[in-house]
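Okay, structure first, notes after.
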Amino acid sequence: MKPFILILLLMPFIVLAEQNIATLRSAEIAAEPDAPRMGNEENNDLRRKRNYPMQPPTIPHKIAGYRIDLNSNKCLSCHSRRQVVDSQAPMVSVTHYMDRDGNFLAEVSPRRYFCNQCHVPQTDVKPLVENTFQDIDTILDNQKIKQ
Amino acid sequence: MFDKIKDVWHTISHPSRYYSLGILIVAGFVAGIIFWGGFNTVLEATNTETFCISCHEMHNNVYQELKSTIHYTNRSGVRATCPDCHVPHDWTDKIARKMQASKEVWGKIFKTIDTREKFLAKRKELAQHEWDRLKANDSLECRNCHDFQYMDFTRQGKRAEQAHASGLASGEKTCIDCHKGIAHQLPDMTGVEGWH
């Protein structure tokens with residue numbers, strides 16, 4: 001019973017805090033703001049450093065018009081095991097050929113088929129929110145300095 | 001019946017009795033202009049996007065898919081219409097294609113693809129026809145606008161430049177080998193060379 005009363009007491013503050021959260025939309029709910037300009041997609045074909053080892057690598061090229069559906073997957077026409085010999089593109093990681101029990105399949109696993117669920121192209125724009133992420137090297141370095 | 005044919009043959013095989021040679025030549029010339037002009041006008045009329053999408057099969061399927069691609073809308077407003085890619089520009093080739101198109105009239109009459117489902121079921125076959133055609137004529141319709149001679153590789157992306165400088169330049173590959181499904185959606189691509 002006690003936690004419930006506590007929440008009830010804190011309610012007004014929670015509501016106030018929510019109102020202070022800046023909206024990314026920056027417009028009234030009913031209003032339809034102008035769409036922001038589209039950024040320039042990165043297209044330099046240079047691999048970016050990953051922020052942590054498990055991070056899905058970003059896509060360093062344009063993917064406009066690349067369809068990924070039941071019939072075709074444009075990404076795989078360069079990045080699949082069979083195609084890399086012609087395209088010289090990086091092959092999709094071996095984990096993508098595994099089912100969830102760790103068995104290897106002949107084709108890319110259906111659960112990994114939709115590339116841009118994880119892999120995304122980058123655009124040259126000012127970030128909407130500040131990113132304070134530090135990679136593990138920075139954290140370790142900082143700790144060493146503290147000691 | 002036989003007599004009638006004989007009469008007609010008699011008329012064509014004998015010199016004119018009432019009209020002078022001059023009249024016949026002038027009249028023939030005028031009739032030639034009218035018929036040939038009319039033929040060409042009709043031919044050109046069937047060679048427009050408006051004509052193509054006057055059939056719902058084209059309007060509801062392929063035309064809708066084209067609309068979101070770069071060949072329909074882009075920054076400079078230069079666009080390709082159906083015949084730009086699907087009908088050869090040279091006269092002889094155009095007539096040959098037009099004769100093939102009688103099969104499409106057959107399809108229209110017998111409702112081969114009159115629903116989206118029927119269209120999708122037949123899509124691979126139809127797409128294969130176009131791929132084969134473009135492969136056979138070395139992507140002629142692409143090259144009507146995209147002339148390899150004037151391609152500036154320095155303005156292309158790294159991957160595009162590499163592919164164009166090797167495969168395309170050597171003639172080993174042609175546009176359609178890599179650029180499939182750029183103006184319409186694709187059928188099931190399993191088993192198609194270069195996919196998956």
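Labels for the structure tokens follow display order: chains A, B, ..., residues from 1 in each chain, ligands from 1.
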*For chain B, work out the contacting residues on chain A at 12 Å, counting only C-alpha atoms, and write them as a PyMOL selection string.*
chain A and resi 42-46+60-62+64-89+91-92+106-108+113
_Surrounding residues of Asp114 in chain B excluding itself and chain neighbours under 5 positions, 12 Å, only C-alpha atoms, as a ChimeraX atom specification_ = /B:55-61,104,107-109,119-122
*Enumerate, as a count of residues only, the complete set of residues in range 53-143 of chain A that a backbone-based DSSP assignment places in alpha helix (DSSP H).*
16
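The set of residues in chain A assigned to strand (DSSP E) by DSSP, using only backbone atoms of this structure, is Asn40, Glu41, Thr123 and Asp124 of chain A.
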_Under the rule that only C-alpha atoms are counted, which of A:Thr123, A:Ser93, A:Asn116, A:Gln55 is the nearest residue to Gly39 in chain A?_
A:Thr123
_So that I can see what lies close to Ile136 in chain A, please list as a list of chain:residue names the residues with an atom at most 12 Å from it, counting only C-alpha atoms and leaving out residues fewer than 4 positions away in the same chain._
A:Arg50, A:Asn51, A:Tyr52, A:Pro53, A:Leu140, A:Asp141, A:Asn142, A:Gln143
Write the residues of the selection above to a file with C-alpha atoms, as a PDB file, in the first residue's frame.
```
ATOM      1  CA  ARG A  50      32.294   0.562 -34.528  1.00  0.00           C
ATOM      2  CA  ASN A  51      31.506   1.997 -31.120  1.00  0.00           C
ATOM      3  CA  TYR A  52      31.421  -1.471 -29.565  1.00  0.00           C
ATOM      4  CA  PRO A  53      32.297  -4.856 -31.052  1.00  0.00           C
ATOM      5  CA  LEU A 140      39.331   2.567 -19.625  1.00  0.00           C
ATOM      6  CA  ASP A 141      41.635   5.500 -20.358  1.00  0.00           C
ATOM      7  CA  ASN A 142      39.640   7.737 -18.028  1.00  0.00           C
ATOM      8  CA  GLN A 143      39.848   5.139 -15.266  1.00  0.00           C
TER       9      GLN A 143
END
```
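The closest residue to Val78 in chain B, picked from B:Leu43, B:Met1, B:Arg97, B:Cys145 and counting only C-alpha atoms, is B:Cys145.
Separating CA of Lys111 in chain B from CA of His86 in chain B is a distance of 21.2 Å.
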_I'd like the contact shell of Glu49 in chain B - 10 Å cut-off, only C-alpha atoms, skipping same-chain residues fewer than 4 positions apart - returned as a list in words._
Ala45, Ile53, Ser54, Met58, His59, Tyr63, Ala80, Thr81, Cys82, Pro83 and Asp84 of chain B
With N, CA and C atoms retained, write the just-selected residues as a CSV table (one decimal), in the first residue's frame.
```csv
chain,number,residue,atom,x,y,z
B,45,ALA,N,0.9,7.6,-81.9
B,45,ALA,CA,-0.1,7.8,-80.9
B,45,ALA,C,-0.1,6.6,-79.9
B,53,ILE,N,-1.0,3.6,-70.5
B,53,ILE,CA,-1.7,3.5,-69.3
B,53,ILE,C,-3.2,3.7,-69.4
B,54,SER,N,-3.7,3.7,-70.7
B,54,SER,CA,-5.1,3.7,-70.9
B,54,SER,C,-5.7,2.3,-70.6
B,58,MET,N,-1.7,-1.7,-67.2
B,58,MET,CA,-0.4,-0.9,-67.1
B,58,MET,C,-0.6,0.2,-66.1
B,59,HIS,N,-1.7,0.8,-66.0
B,59,HIS,CA,-1.9,1.9,-65.1
B,59,HIS,C,-1.8,1.5,-63.6
B,63,TYR,N,2.8,1.2,-63.9
B,63,TYR,CA,2.9,2.7,-63.8
B,63,TYR,C,3.0,3.2,-62.4
B,80,ALA,N,11.7,9.6,-68.1
B,80,ALA,CA,11.5,8.6,-69.2
B,80,ALA,C,10.0,8.1,-69.2
B,81,THR,N,9.4,8.0,-70.3
B,81,THR,CA,8.1,7.5,-70.4
B,81,THR,C,8.2,6.0,-70.9
B,82,CYS,N,7.0,5.3,-70.8
B,82,CYS,CA,7.1,3.9,-71.1
B,82,CYS,C,7.8,3.5,-72.4
B,83,PRO,N,7.4,4.2,-73.6
B,83,PRO,CA,8.1,3.8,-74.8
B,83,PRO,C,9.6,4.1,-74.9
B,84,ASP,N,10.0,5.1,-74.0
B,84,ASP,CA,11.5,5.4,-74.1
B,84,ASP,C,12.3,4.2,-73.7
```
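One distance worth recording is that between CA of Asp132 in chain B and CA of Ile176 in chain B, which is 9.1 Å.
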